[in-house]
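Only one structure is covered here, and it is reproduced in the block below.
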Amino acid sequence: MFTFPFCYTPHPLVEMAAGCLRSYLDKRADLADELQSGKMMGVLVVENSVGEVGYLAAFSGNLSHSNDHDFFVPAVYDILCPDGEFKRREAEITEINRRVDQAERCEAMAEARSAVDEVRMRGEKAVADYRAYMAQCKAERQRLRANGGDTAALVAESQYQKAELKRLRRRVDGEVRLAGSRLSALEAEVATLKEERRRLSESLQRWIFDRFVMLDAKGDRRTLTQIFADARGELPPAGAGECAAPKLLQYAYVNGYRPLAMGEFWVGKSPVGELRRDGCFYGACKGKCEPILNYMLQGLRVEPNPLESAHKEELRTVYEDGSLWVVDKPSGMLSAPGKVGGVSVAEIARQRFPEASGLMVVHRLDMHTSGLLVVAKTRGAFVALRRQFEAKEVKKTYTALLDGNVASDEGSISLPLSADWHNRPRQKVDYADGKEAVTLYRVLGRGGGMTRVEFNPVTGRTHQLRVHAASADGLNAPIHGDALYGTPDSRLCLHASCITFRHPDTGEWMTLESTPGF
């Protein structure tokens with residue numbers, strides 16, 4: 001069966017092909033700097049009509065501003081062809097960009113903005129000065145009233161000054177509008193140019209996506225526009241169809257090769273914020289490639305999604321009473337029902353306690369994380385425990401086995417995290433918009449190029465421990481078996497080994513422990 005492209009363990013032939021490609025890349029001195037900066041590569045093992053097996057190679061995006069390189073399959077559609085329609089249309093948009101920039105920076109625009117600012121500042125000063133004058137007059141009227149002054153005359157003066165202030169404000173507003181008329185005219189010209197640029201850009205995007213005519217294994221053809229419209233009801237994102245996997249499959253179909261296995265691996269440095277390790281294999285991106293590959297794989301027998309396989313291992317009860325059920329969740333089992341399907345702790349709990357009211361999983365563990373998970377049997381227990389989690393009163397300890405040697409014996413990691421939307425469910429380090437994520441760690445042992453650590457998460461972000469372990473700004477040592485951020489293996493070596501909380505009924509502190517199976 002062919003590789004499920006979004007989550008897989010690379011086939012030995014894929015690993016062999018990747019090694020051959022790496023040997024070739026090592027000889028390409030002309031590409032060394034660009035490859036060192038980071039690039040996703042792909043290999044597809046294929047069989048020809050006479051039964052010979054070989055492999056195809058591709059890169060995502062382009063190399064040295066070109067799609068045309070020996071050894072690699074061509075682009076599905078080469079938008080970088082210098083004499084092509086894309087370049088002509090791109091030149092039109094570039095010219096509008098130049099005109100927009102020129103208009104926004106021209107002397108007339110600067111003078112018009114300066115004139116508006118000057119009139120506004122002068123008007124604001126006039127209003128402020130008059131208000132100060134009114135305040136002086138008011139103080140004087142109060143003194144006169146205290147000495148028996150003409151009340152009617154004082155009231156008339158106050159009303160006149162208030163009306164005069166309104167007239168002054170209207171006069172200032174009029175002067176600002178008059179001064180701004182020239183600026184508005186200039187800005188309207190810029191807005192017209194920007195609208196034309198938007199229209200041309202959208203037209204060019206649609207034109208590009210209609211040039212990408214993708215094949216599936218049955219020989220059917222659909223454009224990227226049609227594929228994304230059917231799958232998501234939207235236009236494709238920029239760069240769709242330019243990743244390695246679609247290029248490889250397209251070339252195989254066009255040339256009559258039978259795809260056997262595929263893999264994509266990273267070469268060079270990790271992009272800022274993302275977690276990519278040189279030589280590691282990764283699943284295809286969801287944002288750009290999921291609709292395309294789901295279409296292109298039609299007609300092939302594809303491996304099942306490993307995330308959707310039912311887990312057969314039974315739950316072990318660690319603690320149980322009338323309000324709580326604490327279990328030792330095995331790796332590969334969901335905490336609660338999710339999009340990927342498969343058995344979950346929540347479903348097992350409902351079957352085990354059909355009469356329980358308010359039965360709910362109090363917190364979550366990643367599907368591939370094993371260890372202690374608390375289930376509330378009553379609504380009251382759930383509410384009380386959730387309050388403890390929200391108040392950060394619950395203490396959780398995880399044990400992990402890391403690929404690599406962690407130098408320091410203990411410390412803290414603070415790296416803000418956010419979702420990597422184009423590569424879901426991956427998370428990324430995001431210093432600009434990420435949410436605070438803090439982890440304390442302590443080394444338990446080292447040996448064989450691996451480190452056993454104890455993690456105490458201060459916050460509870462998605463994949464927090466996995467990202468903090470793998471990131472070069474964290475421990476730079478991914479958790480063993482981490483298919484998303486490291487190298488896949490039989491399981492993710494991350495285990496929730498200890499949890500401390502107050503019993504929801506008695507208020508007494510409880511500490512429960514579980515020994516990891518690695």
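Order determines the names: the first chain of the structure tokens is A, the second B, and so forth; residues in each chain are numbered 1 upward, and ligands are numbered 1 upward as they are shown.
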Quick one: residues within 12 Å of Ile292 of chain A, only C-alpha atoms, excluding same-chain residues fewer than 4 positions away - as number ranges by chain? A: 5, 209, 212-216, 221-232, 236-237, 240-247, 249-250, 284-288, 296-298
Restricted to C-alpha atoms, what would the selected residues look like written as a PDB file, in the first residue's frame?
ATOM      1  CA  PRO A   5       1.443  11.214   3.228  1.00  0.00           C
ATOM      2  CA  PHE A 209      -4.299  27.991 -10.260  1.00  0.00           C
ATOM      3  CA  PHE A 212      -2.050  23.710 -12.431  1.00  0.00           C
ATOM      4  CA  VAL A 213      -3.962  20.765 -13.893  1.00  0.00           C
ATOM      5  CA  MET A 214      -3.451  17.878 -11.470  1.00  0.00           C
ATOM      6  CA  LEU A 215      -3.783  14.175 -12.285  1.00  0.00           C
ATOM      7  CA  ASP A 216      -4.962  11.382 -10.031  1.00  0.00           C
ATOM      8  CA  ARG A 221      -7.702  15.853 -14.298  1.00  0.00           C
ATOM      9  CA  ARG A 222      -8.747  18.814 -12.186  1.00  0.00           C
ATOM     10  CA  THR A 223      -7.339  22.289 -11.718  1.00  0.00           C
ATOM     11  CA  LEU A 224      -6.236  23.556  -8.324  1.00  0.00           C
ATOM     12  CA  THR A 225      -9.172  25.967  -8.434  1.00  0.00           C
ATOM     13  CA  GLN A 226     -11.601  23.057  -8.797  1.00  0.00           C
ATOM     14  CA  ILE A 227      -9.853  20.911  -6.178  1.00  0.00           C
ATOM     15  CA  PHE A 228      -9.963  23.580  -3.463  1.00  0.00           C
ATOM     16  CA  ALA A 229     -13.489  24.670  -4.385  1.00  0.00           C
ATOM     17  CA  ASP A 230     -14.718  21.100  -3.912  1.00  0.00           C
ATOM     18  CA  ALA A 231     -12.696  20.439  -0.742  1.00  0.00           C
ATOM     19  CA  ARG A 232     -13.004  23.751   1.083  1.00  0.00           C
ATOM     20  CA  PRO A 236      -6.073  27.763  -3.066  1.00  0.00           C
ATOM     21  CA  PRO A 237      -3.468  29.471  -0.848  1.00  0.00           C
ATOM     22  CA  ALA A 240      -0.307  25.508  -3.614  1.00  0.00           C
ATOM     23  CA  GLY A 241       0.886  22.825  -6.027  1.00  0.00           C
ATOM     24  CA  GLU A 242       4.544  23.801  -5.616  1.00  0.00           C
ATOM     25  CA  CYS A 243       5.447  21.401  -2.779  1.00  0.00           C
ATOM     26  CA  ALA A 244       7.532  18.312  -3.441  1.00  0.00           C
ATOM     27  CA  ALA A 245       4.783  15.682  -3.017  1.00  0.00           C
ATOM     28  CA  PRO A 246       2.370  16.971  -5.720  1.00  0.00           C
ATOM     29  CA  LYS A 247       5.293  17.476  -8.130  1.00  0.00           C
ATOM     30  CA  LEU A 249       3.037  12.297  -8.096  1.00  0.00           C
ATOM     31  CA  GLN A 250       2.272  14.444 -11.139  1.00  0.00           C
ATOM     32  CA  ALA A 284       2.871  16.758   3.974  1.00  0.00           C
ATOM     33  CA  CYS A 285       1.487  20.149   4.983  1.00  0.00           C
ATOM     34  CA  LYS A 286      -2.247  20.359   5.571  1.00  0.00           C
ATOM     35  CA  GLY A 287      -2.869  23.963   4.496  1.00  0.00           C
ATOM     36  CA  LYS A 288      -1.583  23.676   0.940  1.00  0.00           C
ATOM     37  CA  MET A 296      -4.162  12.890  -6.468  1.00  0.00           C
ATOM     38  CA  LEU A 297      -4.135   9.673  -4.421  1.00  0.00           C
ATOM     39  CA  GLN A 298      -7.551   8.607  -5.712  1.00  0.00           C
TER      40      GLN A 298
END
Within 12 Å of Glu85 of chain A using only C-alpha atoms, minus same-chain residues under 5 positions, as a PDB file with N, CA and C atoms, in the first residue's frame:
ATOM      1  N   TYR A  77       3.494  23.391 -13.110  1.00  0.00           N
ATOM      2  CA  TYR A  77       3.427  24.525 -14.038  1.00  0.00           C
ATOM      3  C   TYR A  77       4.514  25.506 -13.622  1.00  0.00           C
ATOM      4  N   ASP A  78       5.369  25.883 -14.545  1.00  0.00           N
ATOM      5  CA  ASP A  78       6.513  26.731 -14.225  1.00  0.00           C
ATOM      6  C   ASP A  78       6.138  28.203 -14.342  1.00  0.00           C
ATOM      7  N   ILE A  79       5.803  28.797 -13.196  1.00  0.00           N
ATOM      8  CA  ILE A  79       5.415  30.208 -13.216  1.00  0.00           C
ATOM      9  C   ILE A  79       6.625  31.119 -13.363  1.00  0.00           C
ATOM     10  N   LEU A  80       7.823  30.557 -13.257  1.00  0.00           N
ATOM     11  CA  LEU A  80       9.038  31.377 -13.332  1.00  0.00           C
ATOM     12  C   LEU A  80       9.611  31.450 -14.739  1.00  0.00           C
ATOM     13  N   GLU A  90       2.782  39.694 -13.889  1.00  0.00           N
ATOM     14  CA  GLU A  90       3.493  40.120 -12.688  1.00  0.00           C
ATOM     15  C   GLU A  90       4.116  41.488 -12.893  1.00  0.00           C
ATOM     16  N   ALA A  91       4.613  41.738 -14.110  1.00  0.00           N
ATOM     17  CA  ALA A  91       5.221  43.044 -14.415  1.00  0.00           C
ATOM     18  C   ALA A  91       4.190  44.161 -14.304  1.00  0.00           C
ATOM     19  N   GLU A  92       2.953  43.883 -14.713  1.00  0.00           N
ATOM     20  CA  GLU A  92       1.892  44.895 -14.592  1.00  0.00           C
ATOM     21  C   GLU A  92       1.666  45.255 -13.121  1.00  0.00           C
ATOM     22  N   LEU A 204      -4.579  37.187 -11.444  1.00  0.00           N
ATOM     23  CA  LEU A 204      -3.364  36.419 -11.697  1.00  0.00           C
ATOM     24  C   LEU A 204      -3.362  35.130 -10.881  1.00  0.00           C
ATOM     25  N   TRP A 207      -5.645  32.728 -12.502  1.00  0.00           N
ATOM     26  CA  TRP A 207      -5.040  32.268 -13.758  1.00  0.00           C
ATOM     27  C   TRP A 207      -3.968  31.218 -13.470  1.00  0.00           C
ATOM     28  N   ILE A 208      -3.149  31.468 -12.445  1.00  0.00           N
ATOM     29  CA  ILE A 208      -2.097  30.501 -12.083  1.00  0.00           C
ATOM     30  C   ILE A 208      -2.717  29.175 -11.668  1.00  0.00           C
ATOM     31  N   ARG A 211      -3.818  26.961 -14.314  1.00  0.00           N
ATOM     32  CA  ARG A 211      -2.737  26.348 -15.106  1.00  0.00           C
ATOM     33  C   ARG A 211      -2.242  25.053 -14.461  1.00  0.00           C
TER      34      ARG A 211
END
Which of segment 224-317 of chain A counts as alpha helix (DSSP H) under DSSP, as a PyMOL selection string please? chain A and resi 224-232+244-254+286-296
May I have the residues from that selection written out with C-alpha atoms, as a compact mmCIF listing (two decimals), in the first residue's frame?
# COMPACT_ATOMS: atom_id res chain seq x y z
CA LEU A 224 -6.24 23.56 -8.32
CA THR A 225 -9.17 25.97 -8.43
CA GLN A 226 -11.60 23.06 -8.80
CA ILE A 227 -9.85 20.91 -6.18
CA PHE A 228 -9.96 23.58 -3.46
CA ALA A 229 -13.49 24.67 -4.39
CA ASP A 230 -14.72 21.10 -3.91
CA ALA A 231 -12.70 20.44 -0.74
CA ARG A 232 -13.00 23.75 1.08
CA ALA A 244 7.53 18.31 -3.44
CA ALA A 245 4.78 15.68 -3.02
CA PRO A 246 2.37 16.97 -5.72
CA LYS A 247 5.29 17.48 -8.13
CA LEU A 248 6.45 13.89 -7.63
CA LEU A 249 3.04 12.30 -8.10
CA GLN A 250 2.27 14.44 -11.14
CA TYR A 251 5.50 13.44 -12.87
CA ALA A 252 4.93 9.76 -12.07
CA TYR A 253 1.40 9.80 -13.49
CA VAL A 254 2.41 11.72 -16.63
CA LYS A 286 -2.25 20.36 5.57
CA GLY A 287 -2.87 23.96 4.50
CA LYS A 288 -1.58 23.68 0.94
CA CYS A 289 -1.29 19.96 0.23
CA GLU A 290 -4.14 18.13 1.96
CA PRO A 291 -6.85 18.82 -0.67
CA ILE A 292 -4.37 18.27 -3.52
CA LEU A 293 -2.99 14.96 -2.26
CA ASN A 294 -6.41 13.65 -1.23
CA TYR A 295 -7.39 14.15 -4.87
CA MET A 296 -4.16 12.89 -6.47
Contact residues around segment 427-438 of chain A with only C-alpha atoms at 10 Å, ignoring same-chain residues under 4 positions, as a ChimeraX atom specification: /A:272-275,412-421,423,456-468,471,473-474,484-485
So which residues touch Pro516 of chain A within 9 Å, counting only C-alpha atoms, skipping near sequence neighbours fewer than 4 positions away, as a ChimeraX atom specification? /A:370-371,399-400,493-497
Generate a file of the selected residues that holds C-alpha atoms, formatted as a PDB file, in the first residue's frame.
ATOM      1  CA  SER A 370       0.684   8.106  27.995  1.00  0.00           C
ATOM      2  CA  GLY A 371       0.052   8.435  31.721  1.00  0.00           C
ATOM      3  CA  THR A 399       8.833  11.806  32.327  1.00  0.00           C
ATOM      4  CA  ALA A 400      10.373  11.896  28.833  1.00  0.00           C
ATOM      5  CA  CYS A 493       8.334   8.521  24.928  1.00  0.00           C
ATOM      6  CA  LEU A 494       6.381  11.067  26.986  1.00  0.00           C
ATOM      7  CA  HIS A 495       4.487   9.939  30.093  1.00  0.00           C
ATOM      8  CA  ALA A 496       2.363  11.818  32.646  1.00  0.00           C
ATOM      9  CA  SER A 497       3.971  10.186  35.677  1.00  0.00           C
TER      10      SER A 497
END
A:Leu512, A:Leu401, A:Ala17, A:Leu25 ranked by distance to Gly445 of chain A, top pick (using only C-alpha atoms):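 Ranking A:Leu512, A:Leu401, A:Ala17, A:Leu25 by distance to Gly445 of chain A, first place goes to A:Leu401.
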6 Å contact set for segment 53-68 of chain A, only C-alpha atoms, chain neighbours under 3 positions out, as a PyMOL selection string: chain A and resi 40-47+72-73+242-244
Go ahead and write the selection's residues with C-alpha atoms as an mmCIF file, in the first residue's frame.
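Generated file (part04.cif):
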data_model
loop_
_atom_site.group_PDB
_atom_site.id
_atom_site.type_symbol
_atom_site.label_atom_id
_atom_site.label_comp_id
_atom_site.auth_asym_id
_atom_site.auth_seq_id
_atom_site.Cartn_x
_atom_site.Cartn_y
_atom_site.Cartn_z
ATOM 1 C CA MET A 40 12.081 20.558 2.039
ATOM 2 C CA MET A 41 13.040 17.725 -0.282
ATOM 3 C CA GLY A 42 10.958 14.767 -1.439
ATOM 4 C CA VAL A 43 11.552 11.339 -2.934
ATOM 5 C CA LEU A 44 9.062 9.001 -4.601
ATOM 6 C CA VAL A 45 9.914 5.348 -5.155
ATOM 7 C CA VAL A 46 8.317 4.186 -8.417
ATOM 8 C CA GLU A 47 8.074 1.153 -10.666
ATOM 9 C CA PHE A 72 14.703 16.852 -10.125
ATOM 10 C CA VAL A 73 11.220 16.500 -11.567
ATOM 11 C CA GLU A 242 4.544 23.801 -5.616
ATOM 12 C CA CYS A 243 5.447 21.401 -2.779
ATOM 13 C CA ALA A 244 7.532 18.312 -3.441
#
